[in-house]
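**Q** Please read through the structure below; I'll follow up with questions.
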Amino acid sequence: MSSTGAALLVSGTEGQREHYAEKGDVPVFNNNCIPEGLRPYALVFDATGMEDASDLKTVYAFFHNLIKKVSACGRVLVVSRPPAAYAKPEAASAARALEGFIRSVAREMGRKGITAQTVYVPEDADDRL
């Protein structure tokens, strides 16, 4: 990872982090391994394993210190299930909260040319993530 914005950082709910770490394609976020001066060009968070509002703490932990460091014209992406796809109302409301969070990020960071999006992925598409 370089400090010039050539880094892609990926994280997710607990099970999703292990999924990406096993694949080994991209660096998986760990609070202890972010180099000083890092200016990532993209932050990706996989929330497909979200079960209730307590999982939003993971979202906060990932974005809290990194969101201001995204390089100009960078990207913020959250991968989630459609809120209607969740069986439990707690998970559906957490997905809606996540959607609102990303809209706020888009408004705040848009003036730096940074885009923020939520991508809804159906459950049968997990093997293609």
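Ordered as shown in the structure tokens, chains take letters A, B, and onward, while each chain numbers its residues from 1 and ligands are numbered from 1 in the order shown.
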Can I get the residues of stretch 66-104 of chain A within 6 Å of stretch 42-60 of chain A, each with the closest pair of atoms and their distance in Å to one decimal, using only C-alpha atoms, sorted chain first then ascending number, as CSV?
**A**
residue,atom,partner,partner_atom,distance
A:Gly74,CA,A:Ala42,CA,5.6
A:Arg75,CA,A:Ala42,CA,4.6
A:Val76,CA,A:Leu43,CA,4.9
A:Leu77,CA,A:Val44,CA,4.8
A:Val78,CA,A:Phe45,CA,4.8
A:Val79,CA,A:Asp46,CA,4.7
A:Ser80,CA,A:Thr48,CA,4.5
A:Arg81,CA,A:Thr48,CA,5.4
A:Glu90,CA,A:Asp52,CA,4.9
A:Ala91,CA,A:Asp52,CA,4.3
A:Ala94,CA,A:Ala53,CA,5.0
**Q** Just write the chosen residues, all heavy atoms, as a JSON list (two decimals), in the first residue's frame.
**A**
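File again_34.json, as written:
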[["chain", "number", "residue", "atom", "x", "y", "z"],
["A", 74, "GLY", "N", -11.93, 9.85, -4.97],
["A", 74, "GLY", "CA", -11.95, 8.46, -4.51],
["A", 74, "GLY", "C", -13.35, 7.87, -4.50],
["A", 74, "GLY", "O", -14.32, 8.49, -4.93],
["A", 75, "ARG", "N", -13.44, 6.65, -3.99],
["A", 75, "ARG", "CA", -14.70, 5.92, -3.97],
["A", 75, "ARG", "C", -14.96, 5.33, -2.60],
["A", 75, "ARG", "O", -14.03, 4.84, -1.93],
["A", 75, "ARG", "CB", -14.68, 4.77, -4.99],
["A", 75, "ARG", "CG", -14.36, 5.19, -6.41],
["A", 75, "ARG", "CD", -15.53, 5.96, -7.02],
["A", 75, "ARG", "NE", -15.25, 6.35, -8.39],
["A", 75, "ARG", "CZ", -14.94, 7.58, -8.75],
["A", 75, "ARG", "NH1", -14.83, 8.54, -7.86],
["A", 75, "ARG", "NH2", -14.73, 7.88, -10.01],
["A", 76, "VAL", "N", -16.22, 5.33, -2.19],
["A", 76, "VAL", "CA", -16.67, 4.65, -0.98],
["A", 76, "VAL", "C", -17.80, 3.73, -1.42],
["A", 76, "VAL", "O", -18.77, 4.18, -2.04],
["A", 76, "VAL", "CB", -17.17, 5.65, 0.09],
["A", 76, "VAL", "CG1", -17.74, 4.92, 1.29],
["A", 76, "VAL", "CG2", -16.04, 6.58, 0.51],
["A", 77, "LEU", "N", -17.67, 2.46, -1.13],
["A", 77, "LEU", "CA", -18.64, 1.47, -1.59],
["A", 77, "LEU", "C", -19.05, 0.57, -0.44],
["A", 77, "LEU", "O", -18.19, 0.06, 0.28],
["A", 77, "LEU", "CB", -18.04, 0.63, -2.72],
["A", 77, "LEU", "CG", -18.92, -0.46, -3.30],
["A", 77, "LEU", "CD1", -20.07, 0.15, -4.08],
["A", 77, "LEU", "CD2", -18.10, -1.37, -4.19],
["A", 78, "VAL", "N", -20.35, 0.39, -0.28],
["A", 78, "VAL", "CA", -20.88, -0.55, 0.70],
["A", 78, "VAL", "C", -21.69, -1.58, -0.06],
["A", 78, "VAL", "O", -22.58, -1.24, -0.85],
["A", 78, "VAL", "CB", -21.75, 0.15, 1.75],
["A", 78, "VAL", "CG1", -22.43, -0.87, 2.65],
["A", 78, "VAL", "CG2", -20.90, 1.10, 2.59],
["A", 79, "VAL", "N", -21.37, -2.84, 0.15],
["A", 79, "VAL", "CA", -22.09, -3.95, -0.46],
["A", 79, "VAL", "C", -23.04, -4.50, 0.60],
["A", 79, "VAL", "O", -22.62, -4.82, 1.70],
["A", 79, "VAL", "CB", -21.12, -5.06, -0.94],
["A", 79, "VAL", "CG1", -21.89, -6.20, -1.58],
["A", 79, "VAL", "CG2", -20.09, -4.48, -1.89],
["A", 80, "SER", "N", -24.31, -4.59, 0.26],
["A", 80, "SER", "CA", -25.32, -5.01, 1.22],
["A", 80, "SER", "C", -26.40, -5.83, 0.53],
["A", 80, "SER", "O", -26.48, -5.86, -0.70],
["A", 80, "SER", "CB", -25.94, -3.77, 1.89],
["A", 80, "SER", "OG", -26.93, -4.12, 2.80],
["A", 81, "ARG", "N", -27.23, -6.46, 1.32],
["A", 81, "ARG", "CA", -28.43, -7.10, 0.80],
["A", 81, "ARG", "C", -29.52, -6.02, 0.70],
["A", 81, "ARG", "O", -29.52, -5.05, 1.46],
["A", 81, "ARG", "CB", -28.93, -8.17, 1.77],
["A", 81, "ARG", "CG", -27.92, -9.22, 2.06],
["A", 81, "ARG", "CD", -28.23, -10.49, 1.27],
["A", 81, "ARG", "NE", -27.27, -11.52, 1.63],
["A", 81, "ARG", "CZ", -26.21, -11.84, 0.90],
["A", 81, "ARG", "NH1", -25.98, -11.22, -0.22],
["A", 81, "ARG", "NH2", -25.38, -12.78, 1.27],
["A", 90, "GLU", "N", -34.85, -6.28, 12.52],
["A", 90, "GLU", "CA", -33.67, -5.59, 13.03],
["A", 90, "GLU", "C", -32.61, -5.44, 11.94],
["A", 90, "GLU", "O", -31.96, -4.41, 11.81],
["A", 90, "GLU", "CB", -33.06, -6.34, 14.22],
["A", 90, "GLU", "CG", -33.97, -6.43, 15.42],
["A", 90, "GLU", "CD", -34.91, -7.64, 15.37],
["A", 90, "GLU", "OE1", -34.80, -8.48, 14.44],
["A", 90, "GLU", "OE2", -35.77, -7.72, 16.26],
["A", 91, "ALA", "N", -32.43, -6.49, 11.16],
["A", 91, "ALA", "CA", -31.44, -6.46, 10.08],
["A", 91, "ALA", "C", -31.89, -5.51, 8.96],
["A", 91, "ALA", "O", -31.08, -4.78, 8.39],
["A", 91, "ALA", "CB", -31.20, -7.86, 9.53],
["A", 94, "ALA", "N", -31.29, -2.00, 10.08],
["A", 94, "ALA", "CA", -29.85, -1.70, 10.03],
["A", 94, "ALA", "C", -29.42, -1.44, 8.59],
["A", 94, "ALA", "O", -28.59, -0.55, 8.34],
["A", 94, "ALA", "CB", -29.05, -2.85, 10.63]]
**Q** A:Val121, A:Ile114, A:Val70, A:Ala106: which is nearest A:Tyr86, counting only C-alpha atoms?
**A**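 Once distances to A:Tyr86 are computed over only C-alpha atoms, the minimum belongs to A:Val121.
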**Q** Please list as a short mmCIF file (atom, residue, chain, number, x, y, z; two decimals) with C-alpha atoms, in the first residue's frame every residue within 10 Å of stretch 66-68 of chain A, counting only C-alpha atoms and excluding residues in the same chain fewer than 6 positions away.
**A**
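This is the output file selection10.cif:
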data_model
loop_
_atom_site.label_atom_id
_atom_site.label_comp_id
_atom_site.auth_asym_id
_atom_site.auth_seq_id
_atom_site.Cartn_x
_atom_site.Cartn_y
_atom_site.Cartn_z
CA LEU A 9 -9.11 -1.12 1.74
CA ILE A 34 -2.84 1.03 8.48
CA LEU A 38 -2.13 6.37 3.81
CA ARG A 39 -4.52 8.04 1.34
CA PRO A 40 -6.67 5.19 -0.01
CA ALA A 42 -11.29 3.40 -2.30
CA LEU A 43 -12.96 2.03 0.80
CA VAL A 76 -16.67 4.65 -0.98
CA VAL A 105 -21.14 10.35 3.11
CA MET A 109 -17.46 13.96 0.55
#
**Q** Suppose you want the space between atom CA of A:Lys112 and atom CA of A:Ala97; what is it in Å?
**A**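 These atoms are spaced 23.6 Å apart.
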**Q** Give me, please, the distance in Å between atom CA of A:Ile102 and atom CA of A:Ser71, quoted to one decimal.
**A**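 Calculated distance between atom CA of A:Ile102 and atom CA of A:Ser71 is 17.1 Å.
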**Q** Please compute the atom CA of A:Arg107-atom CA of A:Ala61 distance, one decimal, in Å.
**A** 20.2 Å
**Q** Using the chain letters and numbers from this document, which residues of stretch 36-112 of chain A does DSSP assign to helix (DSSP H, G or I), as an MDAnalysis selection string?
**A** chainID A and resid 53:69 83:85 89:112
**Q** Ranking A:Ala85, A:Glu99, A:Glu108, A:Ser93 by minimum distance to A:Glu123 and counting only C-alpha atoms, which one comes first?
**A**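 The closest residue to A:Glu123 is A:Ala85.
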